[in-house]
$ cat run.txt   # compact mmCIF, C-alpha atoms and all ligand atoms
# COMPACT_ATOMS: atom_id res chain seq x y z
CA MET Y 216 95.16 134.98 107.57
CA LYS Y 217 98.02 133.74 105.46
CA PHE Y 218 100.59 136.33 106.54
CA ALA Y 219 100.03 135.61 110.21
CA THR Y 220 100.29 131.89 109.55
CA PHE Y 221 103.60 132.30 107.82
CA ALA Y 222 104.94 134.66 110.47
CA VAL Y 223 104.11 132.27 113.31
CA LEU Y 224 105.39 129.34 111.30
CA ALA Y 225 108.65 131.16 110.71
CA ILE Y 226 109.09 131.82 114.44
CA PHE Y 227 108.24 128.20 115.19
CA VAL Y 228 110.76 126.97 112.66
CA ALA Y 229 113.47 129.31 113.94
CA ALA Y 230 112.76 128.36 117.56
CA THR Y 231 113.14 124.68 116.84
CA ALA Y 232 116.16 125.22 114.58
CA PHE Y 233 114.62 123.15 111.80
CA ALA Y 234 114.22 124.43 108.29
CA VAL Y 235 111.17 123.30 106.36
CA SER Y 236 112.62 120.35 104.52
CA PRO Y 237 111.56 118.01 101.74
CA SER Y 238 111.76 115.08 104.17
CA ASN Y 239 108.89 112.58 104.21
CA SER Y 240 108.55 112.56 108.01
CA PRO Y 241 107.63 115.38 110.41
CA VAL Y 242 110.17 117.34 112.44
CA GLU Y 243 110.22 117.08 116.24
CA LYS Y 244 109.43 120.10 118.37
CA ASP Y 245 110.37 121.18 121.87
CA PRO Y 246 107.76 121.10 124.66
CA ILE Y 247 106.69 124.46 126.09
CA THR Y 248 106.51 125.46 129.73
CA PRO Y 249 102.88 126.15 130.68
CA PRO Y 250 102.12 129.40 132.55
CA VAL Y 251 100.18 129.66 135.81
CA MET Y 252 96.54 128.92 134.98
CA PRO Y 253 93.24 130.22 136.24
CA ASP Y 254 90.79 127.92 138.01
CA PHE Y 255 87.91 126.46 136.02
CA GLY Y 256 84.73 124.65 136.96
CA ARG Y 257 82.98 122.14 134.73
CA GLN Y 258 84.55 119.14 133.16
CA GLY Y 259 84.68 116.49 130.41
CA GLY Y 260 84.39 112.81 131.33
CA GLU Y 261 87.28 110.43 131.92
CA ASN Y 262 86.73 108.25 128.87
CA ILE Y 263 84.27 107.35 126.14
CA GLY Y 264 82.15 105.33 128.57
CA SER Y 265 81.77 108.33 130.85
CA ALA Y 266 81.90 111.09 128.24
CA ALA Y 267 80.20 114.35 129.19
CA PRO Y 268 77.22 114.81 126.87
CA ILE Y 269 77.00 117.84 124.62
CA PRO Y 270 73.27 118.63 124.57
CA VAL Y 271 73.26 121.19 121.79
CA ILE Y 272 75.63 123.07 119.48
CA PRO Y 273 76.90 125.77 119.97
CA PHE Y 274 78.53 124.44 123.10
CA SER Y 275 81.24 125.88 125.33
CA ASP Y 276 82.87 124.39 128.37
CA SER Y 277 86.07 124.59 130.36
CA GLY Y 278 87.84 122.20 132.65
CA THR Y 279 91.11 120.46 133.30
CA THR Y 280 92.92 117.33 132.17
CA ILE Y 281 95.17 117.38 135.24
CA GLY Y 282 94.62 114.26 137.32
CA TYR Y 283 92.89 112.36 134.52
CA VAL Y 284 94.10 109.19 132.84
CA ASP Y 285 95.83 108.92 129.45
CA ASP Y 286 93.25 106.75 127.68
CA TYR Y 287 93.75 107.81 124.07
CA ASP Y 288 96.22 109.28 121.62
CA GLU Y 289 96.20 110.16 117.94
CA GLN Y 290 99.03 111.29 115.77
CA CYS Y 291 98.50 114.65 114.09
CA PRO Y 292 101.37 114.83 113.41
CA TYR Y 293 103.24 114.24 116.68
CA THR Y 294 103.36 110.74 118.07
CA GLY Y 295 103.91 109.23 121.49
CA SER Y 296 101.88 111.61 123.66
CA THR Y 297 101.24 110.43 127.23
CA SER Y 298 98.94 113.34 128.07
CA PRO Y 299 95.82 112.71 130.15
CA ASP Y 300 92.58 113.26 128.28
CA VAL Y 301 88.90 113.95 128.86
CA VAL Y 302 85.97 113.21 126.55
CA TYR Y 303 82.71 114.76 125.40
CA SER Y 304 80.03 113.08 123.30
CA TYR Y 305 77.54 114.49 120.84
CA VAL Y 306 74.74 112.61 119.08
CA ALA Y 307 74.09 114.41 115.80
CA THR Y 308 70.38 114.85 115.08
CA GLN Y 309 71.05 116.34 111.64
CA ASP Y 310 74.00 116.60 109.29
CA ILE Y 311 76.07 119.48 110.60
CA CYS Y 312 79.54 120.96 110.14
CA VAL Y 313 81.21 122.19 113.29
CA SER Y 314 84.34 123.96 114.43
CA VAL Y 315 86.04 122.49 117.52
CA SER Y 316 88.35 124.99 119.20
CA LEU Y 317 90.70 124.68 122.15
CA CYS Y 318 92.40 127.91 121.05
CA ASN Y 319 91.79 129.66 124.36
CA SER Y 320 93.28 126.92 126.52
CA PHE Y 321 96.27 127.18 128.83
CA TYR Y 322 98.55 124.34 127.82
CA ASP Y 323 99.90 122.67 124.66
CA THR Y 324 96.62 121.01 123.77
CA LYS Y 325 95.61 118.42 121.18
CA VAL Y 326 92.03 117.71 120.15
CA TYR Y 327 90.46 115.01 118.00
CA VAL Y 328 87.04 113.65 117.12
CA TYR Y 329 86.01 110.01 116.79
CA GLU Y 330 82.89 108.91 114.92
CA ASP Y 331 81.04 106.16 116.82
CA ALA Y 332 84.17 104.31 118.01
CA VAL Y 333 87.72 104.82 119.23
CA GLY Y 334 90.13 105.08 116.32
CA ASN Y 335 87.53 106.14 113.76
CA LEU Y 336 89.11 109.55 113.40
CA VAL Y 337 87.23 112.31 111.57
CA GLY Y 338 89.23 115.31 112.77
CA CYS Y 339 92.46 115.98 114.65
CA ASN Y 340 94.67 118.97 115.45
CA ASP Y 341 97.63 119.56 117.72
CA ASP Y 342 98.74 123.07 116.83
CA ASN Y 343 96.66 125.56 114.89
CA PHE Y 344 98.60 128.74 114.22
CA ASP Y 345 95.40 130.45 113.06
CA CYS Y 346 94.18 130.65 116.69
CA VAL Y 347 93.75 134.37 117.41
CA ASN Y 348 95.65 135.59 120.48
CA PRO Y 349 95.82 132.23 122.27
CA PRO Y 350 96.91 132.44 125.96
CA VAL Y 351 99.80 130.07 125.18
CA SER Y 352 101.40 128.74 122.03
CA PHE Y 353 100.44 125.48 120.30
CA THR Y 354 96.74 125.33 121.19
CA SER Y 355 94.39 123.39 118.94
CA TRP Y 356 91.53 124.06 116.56
CA ILE Y 357 89.74 121.88 114.03
CA PRO Y 358 88.00 124.43 111.77
CA GLU Y 359 85.66 121.90 110.15
CA VAL Y 360 84.32 118.52 111.19
CA ILE Y 361 81.37 116.98 109.36
CA MET Y 362 78.92 115.27 111.74
CA LEU Y 363 76.22 113.07 110.21
CA ALA Y 364 72.74 112.52 111.63
CA GLY Y 365 72.43 109.41 113.79
CA HIS Y 366 76.13 109.10 114.57
CA THR Y 367 77.79 109.69 117.93
CA TYR Y 368 80.88 111.89 117.98
CA TYR Y 369 83.46 111.77 120.75
CA VAL Y 370 85.52 114.92 121.22
CA VAL Y 371 88.75 114.08 123.04
CA VAL Y 372 90.61 116.91 124.80
CA ASP Y 373 94.23 115.78 124.95
CA GLY Y 374 97.73 117.22 124.96
CA TYR Y 375 101.06 117.27 123.17
CA PHE Y 376 103.84 115.01 124.49
CA GLY Y 377 102.77 114.82 128.17
CA ALA Y 378 101.18 118.24 128.52
CA SER Y 379 98.05 118.70 130.64
CA GLY Y 380 96.23 121.67 132.07
CA ASN Y 381 93.14 123.82 131.89
CA TYR Y 382 91.23 123.96 128.65
CA VAL Y 383 88.53 126.10 127.12
CA MET Y 384 86.46 124.38 124.44
CA ASP Y 385 84.15 126.05 121.94
CA ILE Y 386 82.10 124.06 119.44
CA THR Y 387 80.17 126.10 116.89
CA GLU Y 388 78.32 125.37 113.68
CA VAL Y 389 80.11 126.42 110.50
CA GLU Y 390 79.09 126.38 106.88
CA CYS Y 391 79.74 123.00 105.32
CA PRO Y 392 82.65 123.19 102.91
CA THR Y 393 81.99 122.54 99.26
CA PRO Y 394 83.87 119.35 98.44
CA CYS Y 395 87.22 119.99 96.79
CA VAL Y 396 87.64 118.05 93.55
CA VAL Y 397 90.65 118.52 91.27
CA GLU Y 398 90.11 117.17 87.75
CA CYS Y 399 92.92 116.07 85.48
CA PRO Y 400 92.87 118.12 82.24
CA PRO Y 401 92.85 116.21 78.92
CA ASP Y 402 96.54 116.97 78.24
CA GLY Y 403 97.63 115.79 81.70
CA ILE Y 404 100.40 113.20 81.97
CA ASP Y 405 99.80 110.54 84.63
CA GLU Y 406 102.39 110.81 87.39
CA GLY Y 407 102.45 107.00 87.16
CA GLU Y 408 103.03 106.21 90.82
CA GLY Y 409 99.62 105.04 91.97
CA PRO Y 410 98.26 105.65 95.48
CA CYS Y 411 100.31 105.12 98.64
CA TYR Y 412 99.09 102.74 101.39
CA ASP Y 413 100.12 101.58 104.86
CA GLY Y 414 103.50 99.91 104.54
CA TYR Y 415 104.13 101.64 101.22
CA VAL Y 416 107.75 102.14 100.14
CA ASP Y 417 108.01 104.82 97.47
CA MET Y 418 110.63 103.64 94.99
CA TYR Y 419 109.04 105.55 92.13
CA ASN Y 420 109.59 109.27 92.57
CA ALA Y 421 110.57 109.70 96.22
CA GLY Y 422 113.60 111.79 95.26
CA CYS Y 423 116.12 111.90 98.10
CA ASN Y 424 113.69 110.07 100.41
CA SER Y 425 114.41 106.75 98.67
CA VAL Y 426 117.61 104.73 98.32
CA PRO Y 427 118.60 104.90 95.56
CA ASP Y 428 117.00 108.24 94.81
CA THR Y 429 114.12 108.06 92.32
CA TYR Y 430 112.43 110.63 90.12
CA VAL Y 431 109.92 111.29 87.40
CA TYR Y 432 112.12 112.67 84.61
CA VAL Y 433 110.39 115.56 82.90
CA ALA Y 434 110.87 116.00 79.16
CA PRO Y 435 111.50 119.63 78.20
CA SER Y 436 108.81 121.31 76.14
CA THR Y 437 107.98 124.68 74.67
CA GLU Y 438 104.39 123.99 75.78
CA THR Y 439 102.99 123.85 79.30
CA ILE Y 440 103.82 120.47 80.84
CA THR Y 441 100.95 119.09 82.92
CA TYR Y 442 101.18 116.20 85.39
CA CYS Y 443 98.24 114.60 87.20
CA GLY Y 444 99.40 113.01 90.43
CA LEU Y 445 98.22 111.40 93.66
CA ASN Y 446 99.45 112.14 97.15
CA GLY Y 447 98.58 111.50 100.78
CA ASN Y 448 99.65 110.30 104.23
CA TYR Y 449 100.21 106.71 105.32
CA ASP Y 450 101.56 104.55 108.14
CA ASN Y 451 99.31 106.25 110.71
CA ASN Y 452 100.28 109.72 109.47
CA SER Y 453 103.98 109.17 110.12
CA LEU Y 454 104.83 109.45 106.43
CA ARG Y 455 103.73 111.40 103.39
CA ASP Y 456 104.12 110.60 99.74
CA THR Y 457 106.68 112.90 98.15
CA ASP Y 458 106.80 113.44 94.40
CA TRP Y 459 110.03 114.70 92.82
CA TYR Y 460 110.08 115.79 89.19
CA TRP Y 461 113.58 115.99 87.76
CA MET Y 462 114.54 118.72 85.27
CA ASP Y 463 117.94 119.13 83.63
CA LEU Y 464 118.04 122.85 82.93
CA THR Y 465 120.24 123.54 79.92
CA CYS Y 466 119.63 127.23 79.14
CA GLU Y 467 121.85 129.99 80.44
CA THR Y 468 118.90 131.31 82.39
CA ASN Y 469 115.72 129.29 82.90
CA THR Y 470 112.54 131.05 83.97
CA ILE Y 471 110.49 128.20 85.38
CA THR Y 472 106.94 128.55 86.66
CA LEU Y 473 105.40 125.75 88.72
CA CYS Y 474 101.68 125.81 89.48
CA VAL Y 475 99.74 123.30 91.56
CA GLU Y 476 96.17 122.72 92.61
CA ALA Y 477 95.51 119.89 95.04
CA GLU Y 478 92.71 118.20 96.94
CA PHE Y 479 94.85 118.53 100.08
CA PRO Y 480 96.97 121.15 101.84
CA VAL Y 481 99.95 121.19 99.52
CA ILE Y 482 103.60 122.20 99.56
CA MET Y 483 105.35 122.73 96.25
CA GLY Y 484 108.86 123.92 95.66
CA PHE Y 485 112.14 123.88 93.83
CA VAL Y 486 115.02 121.73 95.05
CA ASP Y 487 118.53 122.42 93.78
CA MET Y 488 119.84 118.91 93.08
CA SER Y 489 123.42 119.92 92.31
CA PRO Y 490 124.78 119.30 95.88
CA GLY Y 491 123.54 115.69 95.74
CA CYS Y 492 121.00 114.01 97.99
CA ASP Y 493 123.40 113.65 100.93
CA ASN Y 494 123.73 117.42 101.16
CA ILE Y 495 120.16 118.57 100.49
CA THR Y 496 118.32 119.70 103.62
CA SER Y 497 116.02 122.42 102.41
CA PHE Y 498 114.09 123.83 99.50
CA TYR Y 499 115.53 126.44 97.18
CA SER Y 500 112.08 127.99 97.46
CA TYR Y 501 108.59 126.74 98.24
CA VAL Y 502 104.95 127.73 98.67
CA ILE Y 503 102.13 126.25 100.74
CA ALA Y 504 98.43 126.35 99.82
CA GLY Y 505 95.14 124.96 101.07
CA GLU Y 506 93.00 122.38 99.32
CA CYS Y 507 91.60 123.56 95.98
CA GLU Y 508 93.68 126.73 96.28
CA PRO Y 509 95.72 127.13 93.07
CA ILE Y 510 99.20 128.53 93.64
CA CYS Y 511 102.25 129.25 91.47
CA LEU Y 512 105.94 129.81 92.02
CA THR Y 513 108.36 131.32 89.48
CA GLU Y 514 112.15 131.27 89.69
CA VAL Y 515 114.92 132.29 87.32
CA LEU Y 516 117.37 129.42 87.64
CA PRO Y 517 120.88 128.70 86.40
CA PRO Y 518 121.54 125.56 84.37
CA GLY Y 519 121.92 122.31 86.27
CA PRO Y 520 119.83 119.57 87.85
CA TRP Y 521 116.67 120.79 89.60
CA CYS Y 522 113.55 119.17 90.97
CA ALA Y 523 109.97 120.30 91.29
CA PHE Y 524 108.61 118.88 94.54
CA VAL Y 525 104.96 118.21 95.44
CA SER Y 526 103.61 116.71 98.67
CA THR Y 527 101.08 117.23 101.43
CA SER Y 528 102.16 120.15 103.62
CA ASP Y 529 101.33 118.24 106.79
CA TRP Y 530 100.70 114.77 108.18
CA LEU Y 531 96.92 114.93 108.65
CA ASN Y 532 95.03 111.90 107.38
CA ILE Y 533 95.15 112.92 103.74
CA PRO Y 534 93.81 109.91 101.79
CA CYS Y 535 96.43 108.37 99.51
CA ASP Y 536 94.28 108.80 96.40
CA SER Y 537 94.02 112.58 96.71
CA ASP Y 538 94.53 114.26 93.34
CA TYR Y 539 96.68 117.16 92.30
CA VAL Y 540 97.58 118.83 89.02
CA LEU Y 541 101.10 120.23 88.55
CA THR Y 542 102.03 122.40 85.60
CA ILE Y 543 105.55 123.35 84.55
CA ASP Y 544 106.19 126.29 82.24
CA GLY Y 545 109.51 127.45 80.81
CA TYR Y 546 111.34 124.13 80.92
CA GLU Y 547 112.82 124.27 77.44
CA SER Y 548 115.87 122.58 76.03
CA CYS Y 549 118.79 124.76 74.95
CA VAL Y 550 120.86 121.86 73.62
CA PRO Y 551 120.73 122.09 69.80
CA VAL Y 552 119.57 118.66 68.68
CA GLU Y 553 121.95 118.47 65.69
CA ASP Y 554 124.97 119.19 67.94
CA ALA Y 555 123.97 116.99 70.81
CA SER Y 556 125.66 113.68 71.32
CA TRP Y 557 123.40 110.70 71.93
CA GLY Y 558 124.80 110.56 75.46
CA SER Y 559 123.74 114.08 76.31
CA ILE Y 560 120.28 113.46 74.90
CA LYS Y 561 119.98 110.29 76.94
CA ALA Y 562 121.15 112.23 79.98
CA LEU Y 563 118.15 114.49 79.60
CA TYR Y 564 115.77 111.57 79.99
CA ARG Y 565 117.62 109.30 82.37
CA CA A 601 96.08 111.05 125.80
CA CA A 602 99.33 121.46 120.63
CA CA A 603 102.55 110.53 94.18
CA CA A 604 105.95 109.67 95.35

$ encode --input "run.txt" --output "structure tokens"
Amino acid sequence: MKFATFAVLAIFVAATAFAVSPSNSPVEKDPITPPVMPDFGRQGGENIGSAAPIPVIPFSDSGTTIGYVDDYDEQCPYTGSTSPDVVYSYVATQDICVSVSLCNSFYDTKVYVYEDAVGNLVGCNDDNFDCVNPPVSFTSWIPEVIMLAGHTYYVVVDGYFGASGNYVMDITEVECPTPCVVECPPDGIDEGEGPCYDGYVDMYNAGCNSVPDTYVYVAPSTETITYCGLNGNYDNNSLRDTDWYWMDLTCETNTITLCVEAEFPVIMGFVDMSPGCDNITSFYSYVIAGECEPICLTEVLPPGPWCAFVSTSDWLNIPCDSDYVLTIDGYESCVPVEDASWGSIKALYR
């Protein structure tokens, strides 16, 4: 439920005193104090070699990670966890999509799924704010993992930072998602950046995340302006591509509508560039949407330098070649061409 997601997100943001920012790396968060926990019985195995088998799905179990060894960690998005972990294994006999939930656990959990081998990550979650009435905050849920016949899947029950405790795990079959494909329309302008990759340094349109700052400069038009771009996560999910589209608004009032549809969870927004990169810490306004979920944002803006911003909304193994389509409406030039000096025209396209 979107409203609940935003409400919890807002509390989370306020509690950690961080505004959602156009930065290309995730914000830190404070650890939580776990409450007193009930006693549970059964148990996952210590590691992949001794993983507790899952005989059939649906499958539910509970247990503890207290007293176990920290064998594994994955970043989604928080790094550096030293939490102990336990492991389950499932050999898929048919192609199946499953939901892996630790929602009802009693500590700040993290859960991830390996296919056949350690590191071959096919799903990961630390905090899922869509968990309904979790006993504590920041429990985990992967709503969809695709498991293919003949492969072995290792479900690792882990924790945030160094957290450990009692967990409740529920694995159920869900309907396989229809693949999300975003096609570039014929009038689409190529963003021109190319895909990111491990070690990538965005010196193309990273906005205030590059030194010097870099942009795609949008030419004003009375027509809808369409960009086809790529985005994703890299460097082991520690960074995301950010795409900044510069607009020099010249009209007294500028009613600008941005729309985006992406093959990934997307954040799109307006950034007021007039304070300069050193002073920009937050969006003027932004929206977040799921993959293949079209969303628009309209603002009436004063003249000045503005950016449209597009990126992944999280740091979650989004492949670098994931497509999106951004449209911009209402970005028209109010500088009469016959009166404009060559310098001011150049300034529009710099
Ligand atoms: Ca661990
Ligand atoms: Ca968590
Ligand atoms: Ca890009
Ligand atoms: Ca970029």

$ residues_around --input "run.txt" --residues "range 365-372 of chain Y" --least-positions-apart "6" --cutoff "8 Å" --atoms "only C-alpha atoms" --output "PyMOL selection string"
chain Y and resi 263+266+280+300-309+324-332

$ write_last_selection --input "run.txt" --atoms "C-alpha atoms" --output "compact mmCIF listing (two decimals), keeping the file's coordinate frame"
# COMPACT_ATOMS: atom_id res chain seq x y z
CA ILE Y 263 84.27 107.35 126.14
CA ALA Y 266 81.90 111.09 128.24
CA THR Y 280 92.92 117.33 132.17
CA ASP Y 300 92.58 113.26 128.28
CA VAL Y 301 88.90 113.95 128.86
CA VAL Y 302 85.97 113.21 126.55
CA TYR Y 303 82.71 114.76 125.40
CA SER Y 304 80.03 113.08 123.30
CA TYR Y 305 77.54 114.49 120.84
CA VAL Y 306 74.74 112.61 119.08
CA ALA Y 307 74.09 114.41 115.80
CA THR Y 308 70.38 114.85 115.08
CA GLN Y 309 71.05 116.34 111.64
CA THR Y 324 96.62 121.01 123.77
CA LYS Y 325 95.61 118.42 121.18
CA VAL Y 326 92.03 117.71 120.15
CA TYR Y 327 90.46 115.01 118.00
CA VAL Y 328 87.04 113.65 117.12
CA TYR Y 329 86.01 110.01 116.79
CA GLU Y 330 82.89 108.91 114.92
CA ASP Y 331 81.04 106.16 116.82
CA ALA Y 332 84.17 104.31 118.01

$ residues_near_ligand --input "run.txt" --ligand "ligand CA 601 (chain A)" --cutoff "8 Å" --atoms "all atoms listed in the file" --output "list in words"
Val284, Asp285, Asp286, Tyr287, Asp288, Glu289, Ser296, Thr297, Ser298, Pro299, Asp300, Asp373 and Gly374 of chain Y

$ atom_distance --input "run.txt" --atom1 "CA of Asp345 in chain Y" --atom2 "CA of Val481 in chain Y"
17.0 Å

$ closest_atom_pairs --input "run.txt" --of "chain Y" --to "ligand CA 604 (chain A)" --cutoff "7 Å" --atoms "only C-alpha atoms and all ligand atoms" --output "JSON lines"
{"residue": "Y:Glu408", "atom": "CA", "partner": "A:CA604", "partner_atom": "CA", "distance": 6.4}
{"residue": "Y:Asp417", "atom": "CA", "partner": "A:CA604", "partner_atom": "CA", "distance": 5.7}
{"residue": "Y:Tyr419", "atom": "CA", "partner": "A:CA604", "partner_atom": "CA", "distance": 6.1}
{"residue": "Y:Asn420", "atom": "CA", "partner": "A:CA604", "partner_atom": "CA", "distance": 4.6}
{"residue": "Y:Ala421", "atom": "CA", "partner": "A:CA604", "partner_atom": "CA", "distance": 4.7}
{"residue": "Y:Asp456", "atom": "CA", "partner": "A:CA604", "partner_atom": "CA", "distance": 4.8}
{"residue": "Y:Thr457", "atom": "CA", "partner": "A:CA604", "partner_atom": "CA", "distance": 4.3}
{"residue": "Y:Asp458", "atom": "CA", "partner": "A:CA604", "partner_atom": "CA", "distance": 4.0}
{"residue": "Y:Trp459", "atom": "CA", "partner": "A:CA604", "partner_atom": "CA", "distance": 7.0}

$ write_last_selection --input "run.txt" --atoms "C-alpha atoms" --output "PDB file, keeping the file's coordinate frame"
ATOM      1  CA  GLU Y 408     103.030 106.210  90.820  1.00  0.00           C
ATOM      2  CA  ASP Y 417     108.010 104.820  97.470  1.00  0.00           C
ATOM      3  CA  TYR Y 419     109.040 105.550  92.130  1.00  0.00           C
ATOM      4  CA  ASN Y 420     109.590 109.270  92.570  1.00  0.00           C
ATOM      5  CA  ALA Y 421     110.570 109.700  96.220  1.00  0.00           C
ATOM      6  CA  ASP Y 456     104.120 110.600  99.740  1.00  0.00           C
ATOM      7  CA  THR Y 457     106.680 112.900  98.150  1.00  0.00           C
ATOM      8  CA  ASP Y 458     106.800 113.440  94.400  1.00  0.00           C
ATOM      9  CA  TRP Y 459     110.030 114.700  92.820  1.00  0.00           C
TER      10      TRP Y 459
END

$ closest_residue --input "run.txt" --among "Y:Cys399, Y:Val235, Y:Cys474, Y:Val242" --to "Ile495 in chain Y" --atoms "all atoms listed in the file"
Y:Val235

$ residues_near_ligand --input "run.txt" --ligand "ligand CA 602 (chain A)" --cutoff "8 Å" --atoms "all atoms listed in the file" --output "list in words"
Tyr322, Asp323, Thr324, Lys325, Asn340, Asp341, Asp342, Asn343, Ser352, Phe353, Thr354, Ser355, Gly374 and Tyr375 of chain Y

$ atom_distance --input "run.txt" --atom1 "CA of Asp385 in chain Y" --atom2 "CA of Ile311 in chain Y"
15.4 Å

$ residues_around --input "run.txt" --residues "Phe485 in chain Y" --least-positions-apart "2" --cutoff "7 Å" --atoms "all atoms listed in the file" --output "list of chain:residue names"
Y:Asp487, Y:Phe498, Y:Tyr499, Y:Ser500, Y:Tyr501, Y:Trp521, Y:Cys522, Y:Ala523, Y:Phe524

$ residues_near_point --input "run.txt" --point "(97.1, 122.0, 106.2)" --cutoff "9 Å" --atoms "all atoms listed in the file" --output "mmCIF file with C-alpha atoms, keeping the file's coordinate frame"
data_model
loop_
_atom_site.group_PDB
_atom_site.id
_atom_site.type_symbol
_atom_site.label_atom_id
_atom_site.label_comp_id
_atom_site.auth_asym_id
_atom_site.auth_seq_id
_atom_site.Cartn_x
_atom_site.Cartn_y
_atom_site.Cartn_z
ATOM 1 C CA PHE Y 479 94.850 118.530 100.080
ATOM 2 C CA PRO Y 480 96.970 121.150 101.840
ATOM 3 C CA VAL Y 481 99.950 121.190 99.520
ATOM 4 C CA ILE Y 503 102.130 126.250 100.740
ATOM 5 C CA ALA Y 504 98.430 126.350 99.820
ATOM 6 C CA GLY Y 505 95.140 124.960 101.070
ATOM 7 C CA GLU Y 506 93.000 122.380 99.320
ATOM 8 C CA THR Y 527 101.080 117.230 101.430
ATOM 9 C CA SER Y 528 102.160 120.150 103.620
ATOM 10 C CA ASP Y 529 101.330 118.240 106.790
ATOM 11 C CA TRP Y 530 100.700 114.770 108.180
ATOM 12 C CA LEU Y 531 96.920 114.930 108.650
#

$ residues_near_point --input "run.txt" --point "(118.1, 128.3, 86.4)" --cutoff "8 Å" --atoms "all atoms listed in the file" --output "list in words"
Leu464, Cys466, Glu467, Thr468, Asn469, Thr470, Ile471, Glu514, Val515, Leu516, Pro517, Pro518 and Gly519 of chain Y

$ write_last_selection --input "run.txt" --atoms "C-alpha atoms" --output "mmCIF file, in the frame of the given file"
data_model
loop_
_atom_site.group_PDB
_atom_site.id
_atom_site.type_symbol
_atom_site.label_atom_id
_atom_site.label_comp_id
_atom_site.auth_asym_id
_atom_site.auth_seq_id
_atom_site.Cartn_x
_atom_site.Cartn_y
_atom_site.Cartn_z
ATOM 1 C CA LEU Y 464 118.040 122.850 82.930
ATOM 2 C CA CYS Y 466 119.630 127.230 79.140
ATOM 3 C CA GLU Y 467 121.850 129.990 80.440
ATOM 4 C CA THR Y 468 118.900 131.310 82.390
ATOM 5 C CA ASN Y 469 115.720 129.290 82.900
ATOM 6 C CA THR Y 470 112.540 131.050 83.970
ATOM 7 C CA ILE Y 471 110.490 128.200 85.380
ATOM 8 C CA GLU Y 514 112.150 131.270 89.690
ATOM 9 C CA VAL Y 515 114.920 132.290 87.320
ATOM 10 C CA LEU Y 516 117.370 129.420 87.640
ATOM 11 C CA PRO Y 517 120.880 128.700 86.400
ATOM 12 C CA PRO Y 518 121.540 125.560 84.370
ATOM 13 C CA GLY Y 519 121.920 122.310 86.270
#

$ closest_residue --input "run.txt" --among "Y:Glu478, Y:Glu390, Y:Asp536, Y:Asp276" --to "ligand CA 603 (chain A)" --atoms "only C-alpha atoms and all ligand atoms"
Y:Asp536

$ closest_residue --input "run.txt" --among "Y:Asn335, Y:Ser537, Y:Ser265, Y:Thr542" --to "Asn448 in chain Y" --atoms "all atoms listed in the file"
Y:Ser537

$ closest_residue --input "run.txt" --among "Y:Pro435, Y:Gly447, Y:Pro490, Y:Gly282" --to "Cys423 in chain Y" --atoms "only C-alpha atoms"
Y:Pro490
